[in-house]
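Shown next: query-v3.cif, containing mmCIF, C-alpha atoms.
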data_query
loop_
_atom_site.label_atom_id
_atom_site.label_comp_id
_atom_site.auth_asym_id
_atom_site.auth_seq_id
_atom_site.Cartn_x
_atom_site.Cartn_y
_atom_site.Cartn_z
CA MET A 26 0.00 0.00 0.00
CA THR A 27 1.29 3.42 -0.92
CA THR A 28 0.90 6.42 1.32
CA ARG A 29 0.44 9.72 -0.31
CA THR A 30 2.22 12.66 1.26
CA GLU A 31 1.73 16.25 0.30
CA THR A 32 4.80 18.08 -0.79
CA PRO A 33 4.90 21.81 -0.30
CA ASN A 34 3.90 23.71 -3.38
CA ALA A 35 6.06 26.69 -4.31
CA LEU A 36 2.86 28.69 -4.86
CA ASP A 37 1.24 27.89 -1.51
CA ASN A 38 -0.10 30.97 0.19
CA ARG A 39 1.76 31.48 3.40
CA ARG A 40 0.21 33.51 6.18
CA ILE A 41 1.59 37.00 6.20
CA PRO A 42 1.73 38.65 9.62
CA VAL A 43 -0.72 41.51 10.05
CA GLN A 44 2.17 43.83 10.88
CA ALA A 45 3.75 43.15 7.48
CA LYS A 46 0.44 43.72 5.69
CA LEU A 47 -0.01 47.02 7.49
CA ALA A 48 3.55 48.14 6.77
CA ALA A 49 3.13 47.23 3.09
CA ALA A 50 -0.16 49.14 2.88
CA TRP A 51 1.36 52.21 4.57
CA THR A 52 4.34 52.01 2.19
CA SER A 53 1.99 51.90 -0.82
CA PHE A 54 -0.02 54.78 0.63
CA MET A 55 3.15 56.81 1.20
CA PHE A 56 4.42 56.31 -2.36
CA LEU A 57 1.03 57.15 -3.84
CA TYR A 58 0.70 60.19 -1.60
CA VAL A 59 4.11 61.55 -2.61
CA TYR A 60 3.74 60.76 -6.33
CA VAL A 61 0.35 62.48 -6.49
CA ASP A 62 2.00 65.59 -5.04
CA VAL A 63 4.84 65.36 -7.56
CA LEU A 64 2.46 64.83 -10.48
CA ASN A 65 0.46 67.82 -9.28
CA PHE A 66 3.44 70.02 -10.20
CA TYR A 67 2.60 69.37 -13.86
CA LYS A 68 -0.79 71.01 -13.42
CA PRO A 69 -0.69 74.40 -15.18
CA GLY A 70 -0.07 77.27 -12.78
CA VAL A 71 1.08 75.20 -9.81
CA VAL A 72 4.82 75.86 -10.20
CA ASP A 73 4.17 79.52 -11.04
CA GLY A 74 2.11 79.81 -7.86
CA ILE A 75 4.89 78.21 -5.81
CA LEU A 76 7.47 80.55 -7.37
CA ASN A 77 5.19 83.45 -6.39
CA GLY A 78 5.01 82.14 -2.81
CA LEU A 79 1.59 80.47 -2.90
CA VAL A 80 0.38 76.90 -2.47
CA TRP A 81 -3.32 76.71 -3.28
CA ARG A 82 -4.40 79.99 -1.69
CA PHE A 83 -1.97 79.86 1.20
CA ASP A 84 1.22 81.89 1.51
CA ILE A 85 4.29 79.69 1.75
CA SER A 86 5.57 80.06 5.29
CA PRO A 87 7.53 78.04 7.82
CA THR A 88 4.22 77.07 9.45
CA LEU A 89 2.72 75.82 6.17
CA LEU A 90 5.84 73.82 5.30
CA THR A 91 5.90 72.34 8.82
CA VAL A 92 2.27 71.23 8.39
CA PHE A 93 3.19 69.66 5.02
CA LEU A 94 6.21 67.93 6.60
CA VAL A 95 4.07 66.46 9.37
CA SER A 96 1.49 65.42 6.77
CA VAL A 97 3.94 63.42 4.67
CA SER A 98 5.77 62.07 7.74
CA ILE A 99 2.72 60.27 9.10
CA PRO A 100 2.66 57.41 6.54
CA ALA A 101 6.45 57.04 6.79
CA LEU A 102 6.24 56.70 10.56
CA MET A 103 3.31 54.30 10.27
CA VAL A 104 5.46 51.90 8.21
CA MET A 105 7.93 51.67 11.08
CA LEU A 106 5.31 51.72 13.85
CA SER A 107 3.33 48.93 12.15
CA MET A 108 6.36 46.67 12.43
CA THR A 109 7.54 47.66 15.91
CA LEU A 110 4.61 48.55 18.19
CA PRO A 111 3.15 45.89 20.48
CA ASP A 112 0.00 44.29 19.03
CA ARG A 113 -2.63 46.21 20.98
CA ALA A 114 -0.97 49.63 20.54
CA ASN A 115 -0.33 48.78 16.89
CA ARG A 116 -3.96 47.94 16.26
CA VAL A 117 -5.27 51.09 17.94
CA THR A 118 -2.70 53.35 16.28
CA ASN A 119 -3.53 52.01 12.83
CA LEU A 120 -7.27 52.39 13.42
CA VAL A 121 -6.96 55.97 14.66
CA VAL A 122 -4.44 57.24 12.09
CA ALA A 123 -6.15 55.63 9.08
CA SER A 124 -9.53 56.98 10.26
CA LEU A 125 -8.12 60.51 10.52
CA LEU A 126 -6.41 60.35 7.12
CA ILE A 127 -9.56 59.45 5.16
CA PRO A 128 -11.19 62.91 5.49
CA TYR A 129 -7.76 64.51 5.08
CA SER A 130 -7.29 62.66 1.76
CA ILE A 131 -10.77 63.58 0.57
CA PHE A 132 -10.07 67.25 1.38
CA ASN A 133 -7.48 67.23 -1.43
CA ALA A 134 -10.35 67.35 -3.93
CA ALA A 135 -11.57 70.67 -2.54
CA GLY A 136 -11.67 73.32 -5.22
CA THR A 137 -10.92 71.01 -8.13
CA THR A 138 -12.52 71.55 -11.52
CA TRP A 139 -14.28 68.97 -13.68
CA GLU A 140 -11.23 68.96 -15.93
CA TRP A 141 -9.14 67.43 -13.11
CA ILE A 142 -11.80 65.19 -11.58
CA ALA A 143 -10.29 61.97 -13.03
CA PHE A 144 -6.83 62.76 -11.61
CA TYR A 145 -8.15 63.56 -8.15
CA GLY A 146 -10.82 60.86 -8.25
CA ILE A 147 -8.33 58.11 -9.02
CA SER A 148 -5.64 59.33 -6.63
CA ILE A 149 -8.01 59.96 -3.72
CA GLY A 150 -9.94 56.78 -4.50
CA LEU A 151 -6.75 54.70 -4.31
CA GLU A 152 -5.64 56.44 -1.12
CA VAL A 153 -9.02 55.77 0.51
CA LEU A 154 -8.95 52.12 -0.66
CA LEU A 155 -5.52 51.65 0.93
CA LEU A 156 -6.71 53.31 4.13
CA ALA A 157 -9.82 51.08 4.10
CA PHE A 158 -7.55 48.03 3.76
CA ILE A 159 -5.53 49.27 6.73
CA LEU A 160 -8.70 49.79 8.77
CA ARG A 161 -10.05 46.36 7.85
CA SER A 162 -6.74 44.62 8.61
CA ALA A 163 -6.34 46.37 11.95
CA TRP A 164 -9.99 45.85 12.90
CA ALA A 165 -9.95 42.14 12.01
CA TRP A 166 -6.63 41.60 13.79
CA SER A 167 -7.17 39.12 16.56
CA ARG A 168 -6.95 40.79 19.94
CA ILE A 169 -5.45 37.64 21.41
CA SER A 170 -2.18 36.42 19.95
CA ALA A 171 -2.44 32.90 18.61
CA VAL A 172 -0.50 30.30 20.58
CA PRO A 173 0.43 27.11 18.70
CA ALA A 174 -1.16 23.89 19.94
CA GLY A 175 0.92 21.28 21.67
CA ARG A 176 1.87 19.91 25.08
CA ALA A 177 4.59 22.51 25.57
CA THR A 178 2.16 25.38 25.15
CA THR A 179 -0.73 24.12 27.28
CA ALA A 180 0.56 26.12 30.25
CA LEU A 181 0.83 29.24 28.10
CA ARG A 182 -2.82 29.03 27.05
CA GLN A 183 -3.98 28.79 30.67
#

So that I can check it, write out the structure of this file as structure tokens.
Amino acid sequence: MTTRTETPNALDNRRIPVQAKLAAAWTSFMFLYVYVDVLNFYKPGVVDGILNGLVWRFDISPTLLTVFLVSVSIPALMVMLSMTLPDRANRVTNLVVASLLIPYSIFNAAGTTWEWIAFYGISIGLEVLLLAFILRSAWAWSRISAVPAGRATTALRQ
């Protein structure tokens, strides 16, 4: 009689830790966020406005640039925090920050014209989808760390 054993398939889906999923989503969000800002420079009048000291309708000032720096630093910090914070703090931090960034991302469409609706619709739509993925992953994250089954871990589960 022959016994059939399963050999590991190179294409088997391995479980990816939630922290890695969150860090990957924040990295994608960060790249998209920065590239949308860079691509925005190609919009007629943007560079001229910057050279004249204006961003949107705001005067360029140390305060404005500090706000922009904080704004773009948040996703970068979330990549690192998603990999290093303890589980409970990680979950809460991801839920809070992603929730706050959704309206902030949507605000970027303020004042746009129909001519630019596709650009802003796609960029904001993708940002919100990534933030929704982060929220879903953090929300669904088990609040109790899984402990592998076995005699050696029975004491740990109690």

Calculate how many Å separate CA of Asp73 in chain A from CA of Pro128 in chain A, rounding to one decimal. 28.0 Å

If you measure from CA of Trp166 in chain A to CA of Pro42 in chain A, what distance in Å do you get, rounded to one decimal?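 Between these atoms lies a distance of 9.8 Å.
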
To one decimal in Å, tell me the separation between CA of Arg116 in chain A and CA of Ala163 in chain A.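 So the answer is 5.2 Å.
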
Please determine, counting all atoms listed in the file, which residue among A:Ser162, A:Asn34, A:Ser86, A:Asn77 has the shortest atom-to-atom distance to Leu47 in chain A.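 Result for the nearest residue to Leu47 in chain A: A:Ser162.
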
Please evaluate the PyMOL selection byres ((chain A and resi 160) around 8) against the structure above and give the resulting residues as a ChimeraX atom specification. /A:119-120,123-124,156-159,161-164

Evaluated on this file, the PyMOL selection byres ((chain A and resi 108) around 12) picks out some residues - which ones are they, written as a PyMOL selection string? chain A and resi 42-52+101-107+109-112+114-116+118-119

Centre, edges in Å (one decimal): axis-aligned box, range 132-148 of chain A, 8 Å padding on all six sides, as JSON:
{"center_x": -10.0, "center_y": 65.7, "center_z": -7.3, "size_x": 24.6, "size_y": 31.2, "size_z": 33.3}

Convert the output of the PyMOL selection byres ((chain A and resi 126) around 10) on the shown file into explicit residues, formatted as an NGL selection string. :A and (96 or 99-100 or 121-125 or 127-132 or 152-153 or 156)

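In this comparison, which uses only C-alpha atoms, the residue of A:Thr137, A:Val97, A:Gly146, A:Arg40 approaching Met55 in chain A most closely is A:Val97.
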
Nearest to Asp62 in chain A, chosen from A:Ser98, A:Thr138, A:Ser148, A:Thr88, with all atoms listed in the file counted in the distances: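 Nearest candidate to Asp62 in chain A out of A:Ser98, A:Thr138, A:Ser148, A:Thr88: A:Ser148.
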
Nearest to Leu155 in chain A among A:Leu89, A:Gly70, A:Phe54, A:Ile75, with distances taken over all atoms listed in the file: which residue is it?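 With all atoms listed in the file as the atom set, the closest residue is A:Phe54.
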
Hey, can you pull every residue with an atom no more than 10 Å from (5.5, 72.3, -5.6), using all atoms listed in the file, and send it as a PyMOL selection string? chain A and resi 62-67+71-76+79-80
